[in-house]
Amino acid sequence: MIKGRCECARVQYEIEGELEDFCHCHCSICRRLHGAAFATWGGVARDEFTYKSGESDLKKYSFSENADSIFCGVCGSRILVDFKPEPDMLYITMGTVIGEVECPPGFHQFVGSKAPWFEICDDLPQHDEWPDEA
Ligand SMILES: [Zn+2]
Ligand SMILES: [Zn+2]
């Protein structure tokens, strides 16, 4: 069981299963929306994800035709991205996850858009844009 919450704790969620995907995204949209060097995402099965509280406080920002960023309307914490081309998945912000959780091997994506002032200092695979489909 994976649990998470926003900073003000109004929004709480639980995931029954495991992380199926784990990546650090350096695209400019993630950088701006996170206000950070990159965003770390955990892919989970949509039917294993439930809000425990705060659903009425959620706000949505559609940053493209097929992707919504869901965040707490009170404290502004990003909770997840709903990427329409992958209807069975949700991508949760790893920063909102509470405690320790088992993560699949990670990778970096959109390193072609990386912040010039940030250096990647690990040996994880790097993809200029999306990773190729396995
Ligand atoms: Zn909040
Ligand atoms: Zn991104």
# chains A, B, ... in the order shown; residues from 1 in each chain; ligands from 1
>>> residues_near_ligand(ligand="ligand 2", cutoff="9 Å", atoms="only C-alpha atoms and all ligand atoms", output="list in words")
His24, Cys25, His26, Cys27, Ser28, Ile29, Cys30, Arg31, Phe38, Ala39, Thr40, Trp41, Gln109 and Phe110 of chain A
>>> closest_atom_pairs(of="chain A", to="ligand 1", cutoff="12 Å", atoms="only C-alpha atoms and all ligand atoms", output="CSV")
residue,atom,partner,partner_atom_place_in_ligand_line,distance
A:Gly4,CA,ligand 1,1 (Zn),11.3
A:Arg5,CA,ligand 1,1 (Zn),7.6
A:Cys6,CA,ligand 1,1 (Zn),4.5
A:Glu7,CA,ligand 1,1 (Zn),5.0
A:Cys8,CA,ligand 1,1 (Zn),3.9
A:Ala9,CA,ligand 1,1 (Zn),5.3
A:Arg10,CA,ligand 1,1 (Zn),5.1
A:Val11,CA,ligand 1,1 (Zn),5.7
A:Gln12,CA,ligand 1,1 (Zn),8.8
A:Tyr13,CA,ligand 1,1 (Zn),11.8
A:Ser53,CA,ligand 1,1 (Zn),10.5
A:Gly54,CA,ligand 1,1 (Zn),8.0
A:Glu55,CA,ligand 1,1 (Zn),10.4
A:Ser56,CA,ligand 1,1 (Zn),11.1
A:Asp57,CA,ligand 1,1 (Zn),7.7
A:Leu58,CA,ligand 1,1 (Zn),8.4
A:Lys59,CA,ligand 1,1 (Zn),10.4
A:Ile70,CA,ligand 1,1 (Zn),11.3
A:Phe71,CA,ligand 1,1 (Zn),7.9
A:Cys72,CA,ligand 1,1 (Zn),4.6
A:Gly73,CA,ligand 1,1 (Zn),6.6
A:Val74,CA,ligand 1,1 (Zn),5.1
A:Cys75,CA,ligand 1,1 (Zn),4.1
A:Gly76,CA,ligand 1,1 (Zn),6.1
A:Ser77,CA,ligand 1,1 (Zn),5.9
A:Arg78,CA,ligand 1,1 (Zn),8.8
A:Ile79,CA,ligand 1,1 (Zn),9.2
A:Thr96,CA,ligand 1,1 (Zn),10.2
>>> write_last_selection(atoms="N, CA, C and O atoms", output="mmCIF file, in the first residue's frame")
data_model
loop_
_atom_site.group_PDB
_atom_site.id
_atom_site.type_symbol
_atom_site.label_atom_id
_atom_site.label_comp_id
_atom_site.auth_asym_id
_atom_site.auth_seq_id
_atom_site.Cartn_x
_atom_site.Cartn_y
_atom_site.Cartn_z
ATOM 1 N N GLY A 4 -0.113 8.827 0.170
ATOM 2 C CA GLY A 4 0.472 10.131 -0.083
ATOM 3 C C GLY A 4 -0.472 11.237 0.321
ATOM 4 O O GLY A 4 -1.658 11.003 0.577
ATOM 5 N N ARG A 5 0.076 12.439 0.382
ATOM 6 C CA ARG A 5 -0.759 13.591 0.720
ATOM 7 C C ARG A 5 -0.122 14.879 0.216
ATOM 8 O O ARG A 5 1.080 14.940 -0.056
ATOM 9 N N CYS A 6 -0.962 15.902 0.126
ATOM 10 C CA CYS A 6 -0.455 17.221 -0.244
ATOM 11 C C CYS A 6 0.113 17.897 1.003
ATOM 12 O O CYS A 6 -0.017 17.386 2.105
ATOM 13 N N GLU A 7 0.714 19.039 0.831
ATOM 14 C CA GLU A 7 1.360 19.724 1.956
ATOM 15 C C GLU A 7 0.375 20.111 3.064
ATOM 16 O O GLU A 7 0.659 19.938 4.238
ATOM 17 N N CYS A 8 -0.810 20.593 2.704
ATOM 18 C CA CYS A 8 -1.750 21.015 3.745
ATOM 19 C C CYS A 8 -2.545 19.840 4.299
ATOM 20 O O CYS A 8 -3.333 20.003 5.227
ATOM 21 N N ALA A 9 -2.354 18.655 3.717
ATOM 22 C CA ALA A 9 -2.951 17.388 4.178
ATOM 23 C C ALA A 9 -4.455 17.272 3.899
ATOM 24 O O ALA A 9 -5.077 16.321 4.354
ATOM 25 N N ARG A 10 -5.034 18.218 3.172
ATOM 26 C CA ARG A 10 -6.450 18.058 2.809
ATOM 27 C C ARG A 10 -6.611 16.898 1.834
ATOM 28 O O ARG A 10 -7.525 16.096 1.960
ATOM 29 N N VAL A 11 -5.708 16.822 0.870
ATOM 30 C CA VAL A 11 -5.778 15.761 -0.135
ATOM 31 C C VAL A 11 -4.937 14.574 0.327
ATOM 32 O O VAL A 11 -3.744 14.723 0.591
ATOM 33 N N GLN A 12 -5.596 13.419 0.459
ATOM 34 C CA GLN A 12 -4.904 12.186 0.848
ATOM 35 C C GLN A 12 -5.270 11.120 -0.165
ATOM 36 O O GLN A 12 -6.408 11.057 -0.615
ATOM 37 N N TYR A 13 -4.303 10.281 -0.504
ATOM 38 C CA TYR A 13 -4.609 9.198 -1.446
ATOM 39 C C TYR A 13 -3.917 7.912 -1.038
ATOM 40 O O TYR A 13 -2.982 7.911 -0.231
ATOM 41 N N SER A 53 -9.343 11.644 0.902
ATOM 42 C CA SER A 53 -9.966 12.911 1.303
ATOM 43 C C SER A 53 -9.548 14.010 0.335
ATOM 44 O O SER A 53 -8.623 13.832 -0.455
ATOM 45 N N GLY A 54 -10.252 15.120 0.441
ATOM 46 C CA GLY A 54 -9.835 16.328 -0.266
ATOM 47 C C GLY A 54 -10.192 16.416 -1.730
ATOM 48 O O GLY A 54 -9.745 17.341 -2.416
ATOM 49 N N GLU A 55 -11.008 15.486 -2.226
ATOM 50 C CA GLU A 55 -11.303 15.497 -3.661
ATOM 51 C C GLU A 55 -11.933 16.824 -4.112
ATOM 52 O O GLU A 55 -11.693 17.285 -5.223
ATOM 53 N N SER A 56 -12.717 17.436 -3.225
ATOM 54 C CA SER A 56 -13.384 18.692 -3.595
ATOM 55 C C SER A 56 -12.406 19.869 -3.612
ATOM 56 O O SER A 56 -12.729 20.934 -4.136
ATOM 57 N N ASP A 57 -11.214 19.679 -3.034
ATOM 58 C CA ASP A 57 -10.199 20.747 -3.056
ATOM 59 C C ASP A 57 -9.293 20.668 -4.284
ATOM 60 O O ASP A 57 -8.457 21.542 -4.499
ATOM 61 N N LEU A 58 -9.446 19.610 -5.085
ATOM 62 C CA LEU A 58 -8.558 19.426 -6.225
ATOM 63 C C LEU A 58 -8.853 20.432 -7.323
ATOM 64 O O LEU A 58 -10.002 20.796 -7.563
ATOM 65 N N LYS A 59 -7.790 20.863 -7.990
ATOM 66 C CA LYS A 59 -7.933 21.699 -9.171
ATOM 67 C C LYS A 59 -7.195 21.028 -10.319
ATOM 68 O O LYS A 59 -6.315 20.190 -10.113
ATOM 69 N N ILE A 70 -3.187 17.574 -11.887
ATOM 70 C CA ILE A 70 -4.145 17.679 -10.783
ATOM 71 C C ILE A 70 -3.376 18.122 -9.545
ATOM 72 O O ILE A 70 -2.360 17.509 -9.199
ATOM 73 N N PHE A 71 -3.869 19.184 -8.898
ATOM 74 C CA PHE A 71 -3.149 19.707 -7.739
ATOM 75 C C PHE A 71 -4.123 20.162 -6.659
ATOM 76 O O PHE A 71 -5.311 20.383 -6.919
ATOM 77 N N CYS A 72 -3.618 20.312 -5.444
ATOM 78 C CA CYS A 72 -4.446 20.786 -4.335
ATOM 79 C C CYS A 72 -4.687 22.277 -4.522
ATOM 80 O O CYS A 72 -3.735 23.051 -4.632
ATOM 81 N N GLY A 73 -5.964 22.667 -4.535
ATOM 82 C CA GLY A 73 -6.322 24.060 -4.755
ATOM 83 C C GLY A 73 -6.016 24.945 -3.556
ATOM 84 O O GLY A 73 -6.050 26.168 -3.668
ATOM 85 N N VAL A 74 -5.724 24.347 -2.410
ATOM 86 C CA VAL A 74 -5.423 25.136 -1.219
ATOM 87 C C VAL A 74 -3.924 25.381 -1.103
ATOM 88 O O VAL A 74 -3.479 26.513 -1.002
ATOM 89 N N CYS A 75 -3.121 24.312 -1.118
ATOM 90 C CA CYS A 75 -1.676 24.488 -0.891
ATOM 91 C C CYS A 75 -0.872 24.443 -2.186
ATOM 92 O O CYS A 75 0.300 24.810 -2.196
ATOM 93 N N GLY A 76 -1.477 23.986 -3.269
ATOM 94 C CA GLY A 76 -0.778 23.995 -4.550
ATOM 95 C C GLY A 76 0.061 22.760 -4.846
ATOM 96 O O GLY A 76 0.645 22.661 -5.923
ATOM 97 N N SER A 77 0.136 21.797 -3.931
ATOM 98 C CA SER A 77 0.920 20.579 -4.206
ATOM 99 C C SER A 77 0.376 19.871 -5.439
ATOM 100 O O SER A 77 -0.831 19.618 -5.530
ATOM 101 N N ARG A 78 1.249 19.521 -6.358
ATOM 102 C CA ARG A 78 0.832 18.701 -7.500
ATOM 103 C C ARG A 78 0.635 17.274 -7.014
ATOM 104 O O ARG A 78 1.492 16.736 -6.307
ATOM 105 N N ILE A 79 -0.449 16.657 -7.398
ATOM 106 C CA ILE A 79 -0.745 15.299 -6.942
ATOM 107 C C ILE A 79 -0.450 14.282 -8.041
ATOM 108 O O ILE A 79 0.211 13.285 -7.805
ATOM 109 N N THR A 96 4.903 13.619 -3.139
ATOM 110 C CA THR A 96 3.758 13.586 -2.218
ATOM 111 C C THR A 96 3.621 12.227 -1.533
ATOM 112 O O THR A 96 2.764 12.049 -0.677
#
>>> residues_around(residues="A:Glu102", least_positions_apart="6", cutoff="10 Å", atoms="only C-alpha atoms", output="CSV table (one decimal) with C-alpha atoms, in the first residue's frame")
chain,number,residue,atom,x,y,z
A,2,ILE,CA,1.3,3.4,-1.0
A,18,GLU,CA,3.0,-1.1,-6.6
A,19,LEU,CA,4.7,1.5,-8.8
>>> select_by_dssp(residues="chain A", states="alpha helix (DSSP H)", output="PyMOL selection string")
chain A and resi 28-34
>>> select_by_dssp(residues="chain A", states="strand (DSSP E or B)", output="ChimeraX atom specification")
/A:2-5,12-15,21-25,39-45,49-53,58-64,67-72,78-83,89-93,97,107-109,126
>>> atom_distance(atom1="atom CA of A:Cys103", atom2="atom CA of A:Arg32")
24.6 Å
>>> residues_around(residues="A:Phe49", least_positions_apart="6", cutoff="9 Å", atoms="only C-alpha atoms", output="number ranges by chain")
A: 13-17, 90
>>> atom_distance(atom1="atom CA of A:Arg46", atom2="atom CA of A:Met89")
4.8 Å
>>> closest_residue(among="A:Leu80, A:Asp21, A:Glu119, A:Tyr61", to="A:Pro131", atoms="only C-alpha atoms")
A:Asp21
>>> residues_around(residues="A:Pro105", least_positions_apart="5", cutoff="12 Å", atoms="only C-alpha atoms", output="PyMOL selection string")
chain A and resi 19-24+42+123-125
>>> atom_distance(atom1="atom CA of A:Val111", atom2="atom CA of A:Thr93")
18.4 Å
>>> closest_residue(among="A:His34, A:Lys114, A:His127, A:His108", to="A:Val81", atoms="only C-alpha atoms")
A:His34
